[in-house]
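Listing of input.cif; format and content: mmCIF, C-alpha atoms.
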data_run
loop_
_atom_site.group_PDB
_atom_site.id
_atom_site.type_symbol
_atom_site.label_atom_id
_atom_site.label_comp_id
_atom_site.auth_asym_id
_atom_site.auth_seq_id
_atom_site.Cartn_x
_atom_site.Cartn_y
_atom_site.Cartn_z
ATOM 1 C CA MET R 1 64.421 -11.923 -64.401
ATOM 2 C CA ASN R 2 63.966 -9.207 -61.748
ATOM 3 C CA ASN R 3 62.515 -5.871 -62.730
ATOM 4 C CA PHE R 4 65.783 -3.998 -62.070
ATOM 5 C CA GLU R 5 67.464 -6.131 -64.747
ATOM 6 C CA LYS R 6 64.947 -5.040 -67.389
ATOM 7 C CA ILE R 7 65.347 -1.281 -67.055
ATOM 8 C CA THR R 8 66.968 0.554 -69.940
ATOM 9 C CA LEU R 9 69.543 2.967 -68.579
ATOM 10 C CA GLU R 10 70.051 6.172 -70.511
ATOM 11 C CA LYS R 11 71.388 9.590 -69.609
ATOM 12 C CA GLY R 12 67.960 11.210 -69.858
ATOM 13 C CA LEU R 13 67.305 9.820 -66.364
ATOM 14 C CA TYR R 14 69.527 12.633 -65.083
ATOM 15 C CA ASN R 15 67.321 15.303 -66.636
ATOM 16 C CA ILE R 16 63.884 14.574 -65.201
ATOM 17 C CA THR R 17 62.530 17.719 -63.567
ATOM 18 C CA GLY R 18 62.115 17.427 -59.816
ATOM 19 C CA LYS R 19 63.928 14.096 -59.535
ATOM 20 C CA ASN R 20 67.516 13.070 -59.080
ATOM 21 C CA PHE R 21 68.888 9.986 -60.816
ATOM 22 C CA THR R 22 68.068 7.552 -58.014
ATOM 23 C CA GLN R 23 64.522 8.908 -57.683
ATOM 24 C CA ALA R 24 64.036 8.479 -61.432
ATOM 25 C CA LEU R 25 65.282 4.889 -61.160
ATOM 26 C CA GLU R 26 63.087 4.204 -58.135
ATOM 27 C CA ALA R 27 60.011 5.292 -60.097
ATOM 28 C CA LEU R 28 60.821 2.551 -62.614
ATOM 29 C CA ASP R 29 61.950 0.020 -60.034
ATOM 30 C CA PRO R 30 60.181 0.650 -56.680
ATOM 31 C CA ASP R 31 61.986 -0.343 -53.480
ATOM 32 C CA ALA R 32 58.715 -1.752 -52.130
ATOM 33 C CA ASP R 33 58.854 -4.566 -54.703
ATOM 34 C CA TYR R 34 61.837 -6.081 -52.887
ATOM 35 C CA ALA R 35 60.389 -6.274 -49.367
ATOM 36 C CA GLY R 36 61.221 -9.639 -47.847
ATOM 37 C CA THR R 37 63.805 -10.525 -50.520
ATOM 38 C CA GLU R 38 67.589 -10.623 -50.376
ATOM 39 C CA LEU R 39 67.610 -7.262 -52.174
ATOM 40 C CA GLU R 40 65.644 -5.503 -49.442
ATOM 41 C CA GLY R 41 67.727 -2.633 -48.095
ATOM 42 C CA LEU R 42 69.285 -1.792 -51.455
ATOM 43 C CA ASP R 43 68.049 1.293 -53.262
ATOM 44 C CA ALA R 44 67.416 1.461 -56.994
ATOM 45 C CA PHE R 45 70.976 2.613 -57.787
ATOM 46 C CA GLU R 46 72.548 -0.115 -55.652
ATOM 47 C CA ARG R 47 70.432 -2.715 -57.430
ATOM 48 C CA GLN R 48 71.867 -1.491 -60.730
ATOM 49 C CA LEU R 49 75.390 -1.896 -59.359
ATOM 50 C CA LYS R 50 74.475 -5.485 -58.522
ATOM 51 C CA ARG R 51 73.017 -5.956 -61.993
ATOM 52 C CA PHE R 52 76.318 -5.030 -63.633
ATOM 53 C CA ASP R 53 78.426 -6.658 -60.912
ATOM 54 C CA ILE R 54 80.192 -3.401 -60.029
ATOM 55 C CA ARG R 55 81.816 -3.511 -56.588
ATOM 56 C CA VAL R 56 82.518 -0.014 -55.317
ATOM 57 C CA SER R 57 84.065 -0.818 -51.935
ATOM 58 C CA GLY R 58 86.142 -3.392 -50.096
ATOM 59 C CA GLU R 59 89.434 -5.035 -50.930
ATOM 60 C CA ASN R 60 87.955 -6.551 -54.091
ATOM 61 C CA SER R 61 86.478 -3.312 -55.404
ATOM 62 C CA ASP R 62 86.525 -2.921 -59.161
ATOM 63 C CA ARG R 63 88.414 -0.371 -61.192
ATOM 64 C CA VAL R 64 86.798 2.749 -62.602
ATOM 65 C CA GLU R 65 86.771 1.239 -66.088
ATOM 66 C CA LYS R 66 84.249 -1.397 -64.937
ATOM 67 C CA PHE R 67 81.527 1.244 -65.226
ATOM 68 C CA PHE R 68 82.344 1.606 -68.925
ATOM 69 C CA LYS R 69 82.031 -2.046 -69.961
ATOM 70 C CA THR R 70 78.669 -1.247 -71.547
ATOM 71 C CA THR R 71 76.887 1.923 -72.615
ATOM 72 C CA GLU R 72 74.203 1.279 -70.002
ATOM 73 C CA SER R 73 76.532 0.701 -67.057
ATOM 74 C CA ALA R 74 78.371 3.920 -67.984
ATOM 75 C CA VAL R 75 75.174 5.806 -67.126
ATOM 76 C CA LEU R 76 75.711 4.814 -63.480
ATOM 77 C CA PHE R 77 79.101 6.512 -63.156
ATOM 78 C CA PRO R 78 77.936 10.118 -62.538
ATOM 79 C CA GLU R 79 75.708 8.919 -59.678
ATOM 80 C CA PHE R 80 78.666 7.083 -58.131
ATOM 81 C CA VAL R 81 80.640 10.337 -58.333
ATOM 82 C CA ARG R 82 77.776 12.367 -56.860
ATOM 83 C CA ARG R 83 77.242 9.953 -53.970
ATOM 84 C CA SER R 84 80.928 9.888 -53.089
ATOM 85 C CA ILE R 85 81.101 13.684 -53.097
ATOM 86 C CA LYS R 86 77.944 13.903 -50.994
ATOM 87 C CA GLN R 87 79.308 11.433 -48.472
ATOM 88 C CA GLY R 88 82.408 13.586 -48.044
ATOM 89 C CA MET R 89 80.268 16.702 -47.689
ATOM 90 C CA ASP R 90 78.003 15.086 -45.111
ATOM 91 C CA GLU R 91 80.906 13.820 -43.031
ATOM 92 C CA ALA R 92 82.493 17.284 -42.858
ATOM 93 C CA SER R 93 79.275 19.268 -42.416
ATOM 94 C CA ILE R 94 78.396 20.854 -39.077
ATOM 95 C CA LEU R 95 75.006 22.009 -40.378
ATOM 96 C CA PRO R 96 72.956 19.269 -38.649
ATOM 97 C CA GLU R 97 74.090 20.817 -35.358
ATOM 98 C CA VAL R 98 73.248 24.435 -36.224
ATOM 99 C CA ILE R 99 70.336 24.825 -38.642
ATOM 100 C CA ALA R 100 66.716 25.065 -37.529
ATOM 101 C CA ALA R 101 65.178 24.509 -40.968
ATOM 102 C CA ALA R 102 66.138 23.865 -44.576
ATOM 103 C CA THR R 103 64.196 25.473 -47.432
ATOM 104 C CA ASN R 104 64.434 24.660 -51.133
ATOM 105 C CA THR R 105 64.118 27.423 -53.699
ATOM 106 C CA ASP R 106 64.312 27.706 -57.478
ATOM 107 C CA GLY R 107 65.514 31.315 -57.368
ATOM 108 C CA THR R 108 68.950 32.839 -57.041
ATOM 109 C CA ASP R 109 67.918 34.795 -53.954
ATOM 110 C CA TYR R 110 65.410 34.374 -51.158
ATOM 111 C CA ARG R 111 63.610 36.514 -48.603
ATOM 112 C CA GLY R 112 63.346 34.819 -45.254
ATOM 113 C CA ILE R 113 61.655 35.912 -42.041
ATOM 114 C CA LEU R 114 62.907 37.685 -38.938
ATOM 115 C CA ILE R 115 61.332 37.106 -35.521
ATOM 116 C CA THR R 116 61.471 39.829 -32.841
ATOM 117 C CA LYS R 117 59.871 40.051 -29.412
ATOM 118 C CA SER R 118 58.622 42.977 -27.349
ATOM 119 C CA GLY R 119 56.827 43.334 -24.031
ATOM 120 C CA ALA R 120 57.240 41.471 -20.751
ATOM 121 C CA ASP R 121 56.307 37.825 -20.354
ATOM 122 C CA THR R 122 54.198 38.429 -17.267
ATOM 123 C CA ALA R 123 50.552 38.002 -16.354
ATOM 124 C CA ILE R 124 48.303 40.382 -18.285
ATOM 125 C CA SER R 125 46.004 42.582 -16.268
ATOM 126 C CA GLU R 126 42.457 43.279 -17.417
ATOM 127 C CA GLY R 127 42.644 45.572 -20.408
ATOM 128 C CA GLY R 128 46.417 45.306 -20.427
ATOM 129 C CA GLU R 129 48.650 45.042 -23.456
ATOM 130 C CA PHE R 130 49.772 41.660 -24.715
ATOM 131 C CA PRO R 131 53.468 41.088 -25.342
ATOM 132 C CA VAL R 132 54.114 40.879 -29.066
ATOM 133 C CA THR R 133 56.090 38.504 -31.257
ATOM 134 C CA THR R 134 56.556 40.134 -34.636
ATOM 135 C CA VAL R 135 57.265 38.129 -37.767
ATOM 136 C CA ASN R 136 58.553 40.286 -40.607
ATOM 137 C CA GLY R 137 60.135 39.606 -43.928
ATOM 138 C CA ALA R 138 63.904 39.852 -43.641
ATOM 139 C CA ALA R 139 65.260 43.353 -44.293
ATOM 140 C CA SER R 140 67.349 42.114 -47.199
ATOM 141 C CA LEU R 141 67.336 39.225 -49.625
ATOM 142 C CA THR R 142 69.486 36.197 -48.932
ATOM 143 C CA THR R 143 71.750 35.759 -51.933
ATOM 144 C CA LEU R 144 72.565 32.142 -52.681
ATOM 145 C CA SER R 145 76.200 31.263 -53.302
ATOM 146 C CA LYS R 146 77.639 28.523 -55.471
ATOM 147 C CA PHE R 147 80.340 26.351 -53.924
ATOM 148 C CA GLY R 148 82.181 23.901 -56.101
ATOM 149 C CA ARG R 149 85.394 22.389 -57.214
ATOM 150 C CA LYS R 150 86.981 20.942 -60.339
ATOM 151 C CA ILE R 151 89.013 17.751 -60.433
ATOM 152 C CA SER R 152 91.391 17.807 -63.367
ATOM 153 C CA SER R 153 92.196 14.319 -64.628
ATOM 154 C CA SER R 154 91.926 12.377 -67.880
ATOM 155 C CA TYR R 155 90.055 9.101 -68.195
ATOM 156 C CA GLU R 156 93.339 7.395 -69.011
ATOM 157 C CA VAL R 157 94.660 8.384 -65.566
ATOM 158 C CA ILE R 158 91.660 7.311 -63.521
ATOM 159 C CA ARG R 159 90.405 4.284 -65.483
ATOM 160 C CA LYS R 160 92.730 1.823 -63.682
ATOM 161 C CA GLN R 161 92.108 3.245 -60.209
ATOM 162 C CA ARG R 162 90.207 1.125 -57.705
ATOM 163 C CA LEU R 163 86.761 2.535 -57.060
ATOM 164 C CA ASP R 164 87.218 2.616 -53.291
ATOM 165 C CA LEU R 165 90.400 4.687 -53.698
ATOM 166 C CA PHE R 166 88.790 6.998 -56.246
ATOM 167 C CA ALA R 167 85.888 7.451 -53.820
ATOM 168 C CA VAL R 168 88.394 8.610 -51.195
ATOM 169 C CA VAL R 169 89.533 11.362 -53.570
ATOM 170 C CA LEU R 170 85.952 12.400 -54.271
ATOM 171 C CA LYS R 171 85.009 12.387 -50.594
ATOM 172 C CA SER R 172 88.008 14.518 -49.652
ATOM 173 C CA VAL R 173 87.058 17.113 -52.251
ATOM 174 C CA GLY R 174 83.448 17.003 -51.065
ATOM 175 C CA ALA R 175 84.707 17.701 -47.551
ATOM 176 C CA GLN R 176 86.565 20.770 -48.839
ATOM 177 C CA ILE R 177 83.330 22.164 -50.230
ATOM 178 C CA SER R 178 81.499 21.430 -46.998
ATOM 179 C CA ARG R 179 84.063 23.345 -44.965
ATOM 180 C CA ALA R 180 83.503 26.384 -47.187
ATOM 181 C CA VAL R 181 79.740 26.071 -46.688
ATOM 182 C CA ASN R 182 80.261 25.734 -42.920
ATOM 183 C CA LYS R 183 82.221 28.987 -42.918
ATOM 184 C CA GLN R 184 79.479 30.870 -44.725
ATOM 185 C CA ALA R 185 76.937 29.649 -42.174
ATOM 186 C CA MET R 186 79.164 30.863 -39.341
ATOM 187 C CA ASP R 187 79.696 34.250 -41.015
ATOM 188 C CA VAL R 188 75.919 34.738 -41.197
ATOM 189 C CA LEU R 189 75.510 33.788 -37.537
ATOM 190 C CA LYS R 190 78.294 36.166 -36.427
ATOM 191 C CA ASN R 191 77.010 39.144 -38.382
ATOM 192 C CA GLY R 192 75.367 41.560 -35.942
ATOM 193 C CA ALA R 193 75.344 39.143 -33.005
ATOM 194 C CA ALA R 194 75.744 40.598 -29.501
ATOM 195 C CA SER R 195 79.064 39.745 -27.878
ATOM 196 C CA SER R 196 80.593 39.382 -24.433
ATOM 197 C CA THR R 197 84.165 39.014 -23.244
ATOM 198 C CA ILE R 198 85.949 36.679 -20.837
ATOM 199 C CA SER R 199 86.440 37.965 -17.291
ATOM 200 C CA GLY R 200 90.111 37.100 -16.821
ATOM 201 C CA THR R 201 93.209 37.121 -18.970
ATOM 202 C CA GLY R 202 92.539 33.699 -20.485
ATOM 203 C CA LEU R 203 89.548 31.521 -21.294
ATOM 204 C CA ALA R 204 88.238 29.641 -18.245
ATOM 205 C CA TYR R 205 85.428 27.175 -17.654
ATOM 206 C CA SER R 206 83.568 29.837 -15.666
ATOM 207 C CA ASP R 207 83.518 32.019 -18.817
ATOM 208 C CA LEU R 208 81.725 29.255 -20.701
ATOM 209 C CA ALA R 209 79.144 28.893 -17.945
ATOM 210 C CA ALA R 210 78.558 32.657 -17.876
ATOM 211 C CA PHE R 211 78.295 32.707 -21.676
ATOM 212 C CA TRP R 212 75.679 29.957 -21.549
ATOM 213 C CA ALA R 213 73.609 32.164 -19.227
ATOM 214 C CA THR R 214 73.667 35.124 -21.641
ATOM 215 C CA LEU R 215 71.169 33.348 -23.893
ATOM 216 C CA ALA R 216 68.583 33.668 -21.150
ATOM 217 C CA ASP R 217 65.428 33.716 -23.296
ATOM 218 C CA TYR R 218 66.630 30.773 -25.377
ATOM 219 C CA ASN R 219 68.293 27.440 -24.796
ATOM 220 C CA MET R 220 71.945 27.459 -25.869
ATOM 221 C CA THR R 221 72.077 24.069 -27.551
ATOM 222 C CA THR R 222 75.289 24.490 -29.519
ATOM 223 C CA MET R 223 78.642 26.232 -29.242
ATOM 224 C CA VAL R 224 80.831 26.404 -32.349
ATOM 225 C CA VAL R 225 84.549 27.021 -31.909
ATOM 226 C CA SER R 226 87.833 26.717 -33.778
ATOM 227 C CA PRO R 227 89.978 23.581 -33.330
ATOM 228 C CA ALA R 228 92.413 25.524 -31.103
ATOM 229 C CA THR R 229 89.634 26.823 -28.854
ATOM 230 C CA MET R 230 88.079 23.352 -28.738
ATOM 231 C CA ALA R 231 91.383 21.970 -27.480
ATOM 232 C CA LYS R 232 91.457 24.568 -24.684
ATOM 233 C CA ILE R 233 87.933 23.719 -23.608
ATOM 234 C CA LEU R 234 88.580 19.989 -23.616
ATOM 235 C CA SER R 235 91.613 20.534 -21.370
ATOM 236 C CA PHE R 236 89.481 22.036 -18.569
ATOM 237 C CA GLU R 237 89.243 19.857 -15.477
ATOM 238 C CA GLU R 238 85.449 20.183 -15.555
ATOM 239 C CA MET R 239 85.338 18.551 -19.001
ATOM 240 C CA LYS R 240 87.215 15.367 -18.151
ATOM 241 C CA TYR R 241 84.030 13.414 -17.491
ATOM 242 C CA CYS R 242 82.460 14.601 -20.759
ATOM 243 C CA ILE R 243 85.077 13.219 -23.111
ATOM 244 C CA GLY R 244 83.553 9.750 -22.793
ATOM 245 C CA ASP R 245 80.420 11.121 -24.495
ATOM 246 C CA TYR R 246 82.446 11.491 -27.682
ATOM 247 C CA MET R 247 83.561 7.876 -27.521
ATOM 248 C CA THR R 248 79.965 6.649 -27.280
ATOM 249 C CA GLY R 249 77.922 9.209 -29.180
ATOM 250 C CA GLY R 250 80.371 11.121 -31.372
ATOM 251 C CA THR R 251 79.722 14.509 -29.768
ATOM 252 C CA VAL R 252 81.087 16.377 -26.786
ATOM 253 C CA LYS R 253 78.675 18.158 -24.461
ATOM 254 C CA THR R 254 79.464 20.455 -21.573
ATOM 255 C CA PRO R 255 78.150 19.429 -18.145
ATOM 256 C CA TYR R 256 75.238 21.817 -18.715
ATOM 257 C CA GLY R 257 74.246 20.198 -22.007
ATOM 258 C CA VAL R 258 75.728 22.404 -24.738
ATOM 259 C CA THR R 259 77.069 20.484 -27.752
ATOM 260 C CA LEU R 260 80.579 21.618 -28.702
ATOM 261 C CA VAL R 261 81.227 21.726 -32.436
ATOM 262 C CA LYS R 262 84.633 22.184 -34.057
ATOM 263 C CA CYS R 263 84.723 24.343 -37.182
ATOM 264 C CA THR R 264 87.734 25.619 -39.095
ATOM 265 C CA GLY R 265 85.583 28.488 -40.366
ATOM 266 C CA VAL R 266 85.475 30.092 -36.902
ATOM 267 C CA ASP R 267 88.291 32.399 -35.779
ATOM 268 C CA ASP R 268 90.401 31.296 -32.807
ATOM 269 C CA GLY R 269 89.341 34.341 -30.777
ATOM 270 C CA ILE R 270 85.600 33.683 -30.582
ATOM 271 C CA ALA R 271 82.949 31.123 -29.685
ATOM 272 C CA ILE R 272 79.492 31.189 -31.286
ATOM 273 C CA GLY R 273 76.627 30.101 -29.035
ATOM 274 C CA LEU R 274 73.168 29.492 -30.459
ATOM 275 C CA ASP R 275 69.794 27.916 -30.000
ATOM 276 C CA LYS R 276 69.666 25.418 -32.851
ATOM 277 C CA SER R 277 65.870 25.366 -32.847
ATOM 278 C CA CYS R 278 65.426 28.945 -34.075
ATOM 279 C CA ALA R 279 68.716 30.614 -35.027
ATOM 280 C CA LEU R 280 69.505 29.765 -38.652
ATOM 281 C CA GLU R 281 67.709 28.739 -41.839
ATOM 282 C CA MET R 282 69.519 27.019 -44.691
ATOM 283 C CA VAL R 283 68.295 27.876 -48.186
ATOM 284 C CA ILE R 284 69.079 25.256 -50.833
ATOM 285 C CA GLY R 285 69.217 26.356 -54.439
ATOM 286 C CA SER R 286 70.517 23.054 -55.766
ATOM 287 C CA ASP R 287 71.715 19.693 -54.586
ATOM 288 C CA ILE R 288 75.100 18.518 -55.832
ATOM 289 C CA VAL R 289 75.277 19.155 -59.573
ATOM 290 C CA VAL R 290 77.618 16.983 -61.663
ATOM 291 C CA ASP R 291 78.165 17.209 -65.425
ATOM 292 C CA SER R 292 76.677 13.779 -66.143
ATOM 293 C CA SER R 293 76.930 13.874 -69.949
ATOM 294 C CA LYS R 294 80.687 14.361 -69.917
ATOM 295 C CA LEU R 295 81.249 11.589 -67.375
ATOM 296 C CA ILE R 296 79.133 9.106 -69.304
ATOM 297 C CA SER R 297 81.038 9.701 -72.538
ATOM 298 C CA THR R 298 84.433 8.776 -70.974
ATOM 299 C CA GLN R 299 85.850 11.958 -72.500
ATOM 300 C CA ILE R 300 86.894 12.957 -68.998
ATOM 301 C CA ASP R 301 89.469 15.690 -68.611
ATOM 302 C CA GLU R 302 87.830 17.255 -65.583
ATOM 303 C CA ILE R 303 85.021 16.588 -63.108
ATOM 304 C CA VAL R 304 83.140 19.732 -62.144
ATOM 305 C CA PHE R 305 80.566 19.724 -59.386
ATOM 306 C CA SER R 306 78.834 22.356 -57.299
ATOM 307 C CA VAL R 307 76.121 23.072 -54.765
ATOM 308 C CA THR R 308 74.148 26.312 -54.344
ATOM 309 C CA VAL R 309 73.133 27.372 -50.826
ATOM 310 C CA GLY R 310 72.548 30.393 -48.622
ATOM 311 C CA PHE R 311 71.791 31.095 -44.967
ATOM 312 C CA ASP R 312 69.330 33.364 -43.228
ATOM 313 C CA LYS R 313 69.247 34.287 -39.536
ATOM 314 C CA VAL R 314 65.762 33.701 -38.121
ATOM 315 C CA SER R 315 65.938 34.921 -34.498
ATOM 316 C CA ALA R 316 68.763 37.405 -34.036
ATOM 317 C CA ASP R 317 68.632 37.101 -30.239
ATOM 318 C CA ALA R 318 69.165 33.327 -30.435
ATOM 319 C CA VAL R 319 72.846 33.819 -31.276
ATOM 320 C CA LYS R 320 75.615 35.270 -29.084
ATOM 321 C CA ILE R 321 79.379 35.648 -29.447
ATOM 322 C CA LEU R 322 82.002 35.125 -26.745
ATOM 323 C CA ASN R 323 85.369 36.807 -27.270
ATOM 324 C CA THR R 324 87.709 34.153 -25.906
ATOM 325 C CA VAL R 325 90.766 36.445 -25.824
ATOM 326 C CA LYS R 326 91.087 39.998 -24.586
ATOM 327 C CA ALA R 327 92.157 42.689 -27.013
#
Structure translated into structure tokens:
Amino acid sequence: MNNFEKITLEKGLYNITGKNFTQALEALDPDADYAGTELEGLDAFERQLKRFDIRVSGENSDRVEKFFKTTESAVLFPEFVRRSIKQGMDEASILPEVIAAATNTDGTDYRGILITKSGADTAISEGGEFPVTTVNGAASLTTLSKFGRKISSSYEVIRKQRLDLFAVVLKSVGAQISRAVNKQAMDVLKNGAASSTISGTGLAYSDLAAFWATLADYNMTTMVVSPATMAKILSFEEMKYCIGDYMTGGTVKTPYGVTLVKCTGVDDGIAIGLDKSCALEMVIGSDIVVDSSKLISTQIDEIVFSVTVGFDKVSADAVKILNTVKA
């Protein structure tokens, strides 16, 4: 018998300080023990799914009630829910394209840092003054916000649903949360950022090139725009050779190397340009939190989950706004 088949599953595995459920399982059933075996590549949770013969995807996926065949297999259900929600959040998140760093905190607020520069970046004469980079604590605390959603449904309704279909529901709700988080990140970036305006009556490719140049002391790596503005940019003649990048790599870059990111949390009238390496810090108060006890008991009338995050601007000058329409 393999080690993963000997583990006793109980809901206390969800309440180990500093560890999520899979990490708690992995401590009991290390991945390294399966190197060179047919189970290599599966994590501790996936090995438990195999143990109880629970198929969560594909045309032969099981029904939700398969998790509740035994009291031990029922313990796996909240982690299935959490993973499905997280997958939906990850797929809808633009944060990998905009954040410079992610910080975990146990508090409800957080004081970040603010970087400012003064003096000229020129050769220093004998006895001359050095240019200064000042690192201060942020003027105000970053308050973390909770984003979440509740799915209202009884166990009787969901028990006969295929797990792959139920995962689709969970992923779509996770994506809704992610879009709200994306918007908060964009609101923080916009706040206080210097802005410029297009030269003509409508957005042109030359405006994008000029906007890129406004971030002179930084490298504009990313431009975040609304879906409507993205469509305008992609229709420019100069972009026709860049569309193939999306087909091969999943992103669209301008000819001068800026990654274009679509975000429903950005107004149609602006574009946000930033240097990803130093513009924004993400502060994580909690990973996805799911009420595991209620899900294990099968007394399901709702599934409540949430994530707590905040954002802090690091280098104010590393973000600029382009007004894509004239007032």
* Determine the residue set returned by the PyMOL selection byres ((chain R and resi 101) around 7) for the present structure, and present it as a PyMOL selection string. => chain R and resi 99-100+102-103+281-282
Between CA of Glu72 in chain R and CA of Val56 in chain R lies a distance of 16.9 Å
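Nearest to Asp301 in chain R of all the residues R:Lys262, R:Arg159, R:Arg55, R:Lys276 is R:Arg159, based on only C-alpha atoms.
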Q) From the set R:Ser154, R:Thr254, R:Asn60, R:Asn104, which residue has the shortest atom-to-atom contact distance to Gly18 in chain R, counting only C-alpha atoms? A)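 Using only C-alpha atoms, the shortest distance to Gly18 in chain R belongs to R:Asn104.
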| said: Evaluate the PyMOL selection byres ((chain R and resi 58) around 12) against this structure - the residues, as a ChimeraX atom specification, please. | reply: /R:54-57,59-63,162-165,167
- Task: Quick one: pull the distance between CA of Ser195 in chain R and CA of Leu280 in chain R, Å, one decimal.
- Result: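 Result for CA of Ser195 in chain R versus CA of Leu280 in chain R: 17.5 Å, one decimal.
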### Ground truth for the PyMOL selection byres ((chain R and resi 120) around 12), written as a PyMOL selection string
chain R and resi 117-119+121-124+128-133+217
Pick from R:Gly148, R:Ala231, R:Val225, R:Ile16, whichever lies nearest to Ile243 in chain R using all atoms listed in the file: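 Closest residue, counting all atoms listed in the file: R:Ala231.
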Could you please determine the separation between CA of Val169 in chain R and CA of Phe77 in chain R in Å, to one decimal place?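 Going from CA of Val169 in chain R over to CA of Phe77 in chain R covers 15.0 Å.
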| said: Under the rule that all atoms listed in the file are counted, which of R:Gly285, R:Gly269, R:Gly36, R:Gly127 is the nearest residue to Ile198 in chain R? | reply: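 That would be R:Gly269, the residue with the smallest distance to Ile198 in chain R.
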Closest of R:Ser172, R:Ala316, R:Thr221, R:Thr108 to Thr259 in chain R, counting only C-alpha atoms, is R:Thr221
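Each of R:Val314, R:Leu170, R:Ser206, R:Ser286 was compared to Ile115 in chain R using all atoms listed in the file, and R:Val314 turns out to be the nearest.
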Write out as a list in words each polymer residue whose atoms come within 9 Å of Val181 in chain R, counting all atoms listed in the file; drop sequence neighbours fewer than 6 positions from it.
-> Ser93, Leu95, Phe147, Gly265, Val309 and Gly310 of chain R
_Can you pull out the residues contacting Ile300 in chain R? Cut-off 9 Å, using only C-alpha atoms, and skip same-chain residues under 2 positions away; I want them as a list of chain:residue names._
R:Ser152, R:Ser153, R:Ser154, R:Tyr155, R:Glu156, R:Lys294, R:Leu295, R:Ile296, R:Ser297, R:Thr298, R:Glu302, R:Ile303
How about saving the chosen residues, C-alpha atoms kept, as a short mmCIF file (atom, residue, chain, number, x, y, z; two decimals), in the coordinates of the input?
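Resulting contents of result_6.cif:
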data_model
loop_
_atom_site.label_atom_id
_atom_site.label_comp_id
_atom_site.auth_asym_id
_atom_site.auth_seq_id
_atom_site.Cartn_x
_atom_site.Cartn_y
_atom_site.Cartn_z
CA SER R 152 91.39 17.81 -63.37
CA SER R 153 92.20 14.32 -64.63
CA SER R 154 91.93 12.38 -67.88
CA TYR R 155 90.06 9.10 -68.19
CA GLU R 156 93.34 7.40 -69.01
CA LYS R 294 80.69 14.36 -69.92
CA LEU R 295 81.25 11.59 -67.38
CA ILE R 296 79.13 9.11 -69.30
CA SER R 297 81.04 9.70 -72.54
CA THR R 298 84.43 8.78 -70.97
CA GLU R 302 87.83 17.26 -65.58
CA ILE R 303 85.02 16.59 -63.11
#
Next item on the list: Would you list the residues near (78.9, 24.7, -37.7) (no more than 10 Å away, in the coordinates of the file, using all atoms listed in the file) as a PyMOL selection string?
Entry: chain R and resi 92-99+179+181-186+189+222-226+260-266+272
Exercise. Fewer than 2 positions away in the same chain doesn't count, so skip those; otherwise give me all residues within 10 Å of Asp287 in chain R, counting all atoms listed in the file, as a PyMOL selection string.
Key: chain R and resi 20+82+86+104+284-285+289-290+306-309
- Name the residues in contact with Lys320 in chain R at a cut-off of 8 Å, using all atoms listed in the file, excluding same-chain residues fewer than 3 positions from it; report them as number ranges by chain. R: 190, 193-196, 214-215, 272-274, 317
